[in-house]
Amino acid sequence: MLAWAFAINYPEMTERLIVMNAPHPASMMRELRTPKQLCKSWYIFAFQIPWLPEYILGRNHANEIGRILRGAAVQKSVFQGEVTAKYQQAMSKPGAIKASLSYYRQLFRRLPLLLLTYRSDKAHISVPTLLIWGEQDIALGIELTTGLERWVDDIEIKRIPDSGHWVQQEKPEMVNQYILDFLQRQ
């Protein structure tokens, strides 16, 4: 999401854009009006509750973080215990979970500004853009990848059927090849 926001707000500093399983903000605003995406985005609303998400995610050395990573993956083998332990260790540091949740919490606090900023005439990107998307993402519907030409002049979308939200971990060779091919084009 930060990459989209940077390209929208600083077009003069953006030569190319590569995004993985994160929707264009205007596309997300569009799809949040649908029951399907609202249901998939339940966690955004749950994260608005004070202290409870921090407690649930942080207990047992952030064990829930590992469960979430594995649960959202199609290729579950990439999130073995030794891998998720590193994420859990990072999220167990003081303030880490609260900082992560603050991203979602600020969305509601800044909603009027976001709606104004990402309305269709303000959310335009003119640089070549590559969007890599795991088709089996449990949090973000594939519909978020459609109609992006309205906001992005030059977009290439690579959908990966046997991947979930974590495409860079689940299909690293494929993702890296897509990135290399994209960057090598004139």
# chains A, B, ... in the order shown; residues from 1 in each chain; ligands from 1

call {"tool": "select_by_dssp", "arguments": {"residues": "range 8-184 of chain A", "states": "alpha helix (DSSP H)", "output": "ChimeraX atom specification"}}
result
/A:8-9,25-31,35-40,42-46,52-72,81-91,96-109,111-117,167-170,172-184

call {"tool": "write_last_selection", "arguments": {"atoms": "C-alpha atoms", "output": "CSV table (one decimal), in the first residue's frame"}}
result
chain,number,residue,atom,x,y,z
A,8,ILE,CA,0.5,8.6,-6.4
A,9,ASN,CA,1.9,11.3,-4.2
A,25,PRO,CA,-6.2,2.4,-3.0
A,26,ALA,CA,-9.1,3.5,-5.3
A,27,SER,CA,-9.7,-0.1,-6.2
A,28,MET,CA,-9.9,-1.0,-2.5
A,29,MET,CA,-12.3,1.8,-1.8
A,30,ARG,CA,-14.5,0.5,-4.7
A,31,GLU,CA,-14.4,-3.1,-3.5
A,35,PRO,CA,-20.2,-7.7,0.7
A,36,LYS,CA,-17.5,-10.1,-0.5
A,37,GLN,CA,-14.6,-7.8,0.2
A,38,LEU,CA,-16.2,-6.5,3.4
A,39,CYS,CA,-16.2,-10.1,4.7
A,40,LYS,CA,-12.6,-10.7,3.6
A,42,TRP,CA,-13.1,-8.3,8.7
A,43,TYR,CA,-9.7,-8.1,10.3
A,44,ILE,CA,-9.4,-4.3,9.5
A,45,PHE,CA,-12.5,-3.7,11.5
A,46,ALA,CA,-11.4,-6.1,14.3
A,52,LEU,CA,-7.6,-6.7,22.4
A,53,PRO,CA,-5.9,-7.4,19.1
A,54,GLU,CA,-2.5,-6.7,20.7
A,55,TYR,CA,-3.3,-9.2,23.5
A,56,ILE,CA,-4.5,-11.9,21.1
A,57,LEU,CA,-1.7,-11.5,18.6
A,58,GLY,CA,1.0,-11.2,21.3
A,59,ARG,CA,0.2,-14.0,23.7
A,60,ASN,CA,2.3,-17.2,23.7
A,61,HIS,CA,5.3,-15.4,22.1
A,62,ALA,CA,3.1,-14.1,19.2
A,63,ASN,CA,2.2,-17.7,18.3
A,64,GLU,CA,-0.9,-16.3,16.5
A,65,ILE,CA,1.4,-14.5,14.0
A,66,GLY,CA,2.8,-17.8,12.9
A,67,ARG,CA,-0.7,-19.3,12.6
A,68,ILE,CA,-1.9,-16.3,10.5
A,69,LEU,CA,1.1,-16.6,8.1
A,70,ARG,CA,0.6,-20.3,7.6
A,71,GLY,CA,-3.2,-19.9,7.4
A,72,ALA,CA,-3.1,-17.3,4.7
A,81,GLY,CA,8.2,-23.4,12.4
A,82,GLU,CA,11.8,-22.0,12.0
A,83,VAL,CA,10.5,-19.4,9.6
A,84,THR,CA,7.5,-18.3,11.5
A,85,ALA,CA,9.6,-18.2,14.7
A,86,LYS,CA,11.5,-15.3,13.2
A,87,TYR,CA,8.3,-13.3,12.5
A,88,GLN,CA,7.1,-14.2,16.0
A,89,GLN,CA,10.3,-13.0,17.6
A,90,ALA,CA,10.2,-9.7,15.7
A,91,MET,CA,6.5,-9.2,16.7
A,96,ALA,CA,5.9,-4.1,17.5
A,97,ILE,CA,2.3,-5.4,17.4
A,98,LYS,CA,0.9,-2.0,18.3
A,99,ALA,CA,2.9,-0.4,15.5
A,100,SER,CA,1.7,-3.0,13.0
A,101,LEU,CA,-1.9,-2.5,14.0
A,102,SER,CA,-1.5,1.3,13.8
A,103,TYR,CA,-1.4,1.0,10.0
A,104,TYR,CA,-5.0,-0.3,10.0
A,105,ARG,CA,-6.2,2.0,12.8
A,106,GLN,CA,-5.0,5.1,11.0
A,107,LEU,CA,-7.1,4.1,8.0
A,108,PHE,CA,-10.3,5.0,9.9
A,109,ARG,CA,-8.9,8.1,11.5
A,111,LEU,CA,-10.8,8.1,6.1
A,112,PRO,CA,-12.1,11.5,4.9
A,113,LEU,CA,-8.6,12.5,3.8
A,114,LEU,CA,-8.1,9.1,2.1
A,115,LEU,CA,-11.4,9.4,0.3
A,116,LEU,CA,-10.4,12.8,-1.0
A,117,THR,CA,-6.9,11.7,-1.9
A,167,VAL,CA,3.5,-14.4,-3.2
A,168,GLN,CA,7.1,-13.4,-2.6
A,169,GLN,CA,7.5,-16.2,0.0
A,170,GLU,CA,5.2,-18.8,-1.7
A,172,PRO,CA,9.9,-16.6,-5.0
A,173,GLU,CA,11.4,-17.9,-8.3
A,174,MET,CA,8.3,-16.9,-10.3
A,175,VAL,CA,8.0,-13.5,-8.6
A,176,ASN,CA,11.7,-12.8,-9.1
A,177,GLN,CA,11.4,-13.7,-12.8
A,178,TYR,CA,8.4,-11.4,-13.3
A,179,ILE,CA,10.3,-8.6,-11.6
A,180,LEU,CA,13.4,-9.2,-13.7
A,181,ASP,CA,11.5,-9.3,-16.9
A,182,PHE,CA,9.6,-6.1,-16.0
A,183,LEU,CA,12.8,-4.2,-15.1
A,184,GLN,CA,14.7,-5.4,-18.2

call {"tool": "select_by_dssp", "arguments": {"residues": "range 17-146 of chain A", "states": "strand (DSSP E)", "output": "NGL selection string"}}
result
:A and (17-20 or 129-134)

call {"tool": "residues_around", "arguments": {"residues": "Pro161 in chain A", "least_positions_apart": "6", "cutoff": "9 Å", "atoms": "only C-alpha atoms", "output": "VMD selection string"}}
result
chain A and resid 133 to 136

call {"tool": "closest_residue", "arguments": {"among": "A:Ala3, A:Ile155, A:Leu131, A:Ala73", "to": "Met20 in chain A", "atoms": "only C-alpha atoms"}}
result
A:Leu131

call {"tool": "closest_residue", "arguments": {"among": "A:Gly164, A:Pro128, A:Gly141, A:Gly147", "to": "Val19 in chain A", "atoms": "only C-alpha atoms"}}
result
A:Pro128

call {"tool": "closest_residue", "arguments": {"among": "A:His124, A:Lys171, A:His24, A:Lys93", "to": "Glu143 in chain A", "atoms": "only C-alpha atoms"}}
result
A:His24

call {"tool": "closest_residue", "arguments": {"among": "A:Ala123, A:Trp166, A:Ile132, A:Thr146", "to": "Phe6 in chain A", "atoms": "only C-alpha atoms"}}
result
A:Ala123

call {"tool": "closest_residue", "arguments": {"among": "A:Leu32, A:Leu144, A:Val152, A:Met1", "to": "Val127 in chain A", "atoms": "only C-alpha atoms"}}
result
A:Val152

call {"tool": "closest_residue", "arguments": {"among": "A:Ser92, A:Gln186, A:Asn21, A:Ser126", "to": "Ala139 in chain A", "atoms": "only C-alpha atoms"}}
result
A:Asn21
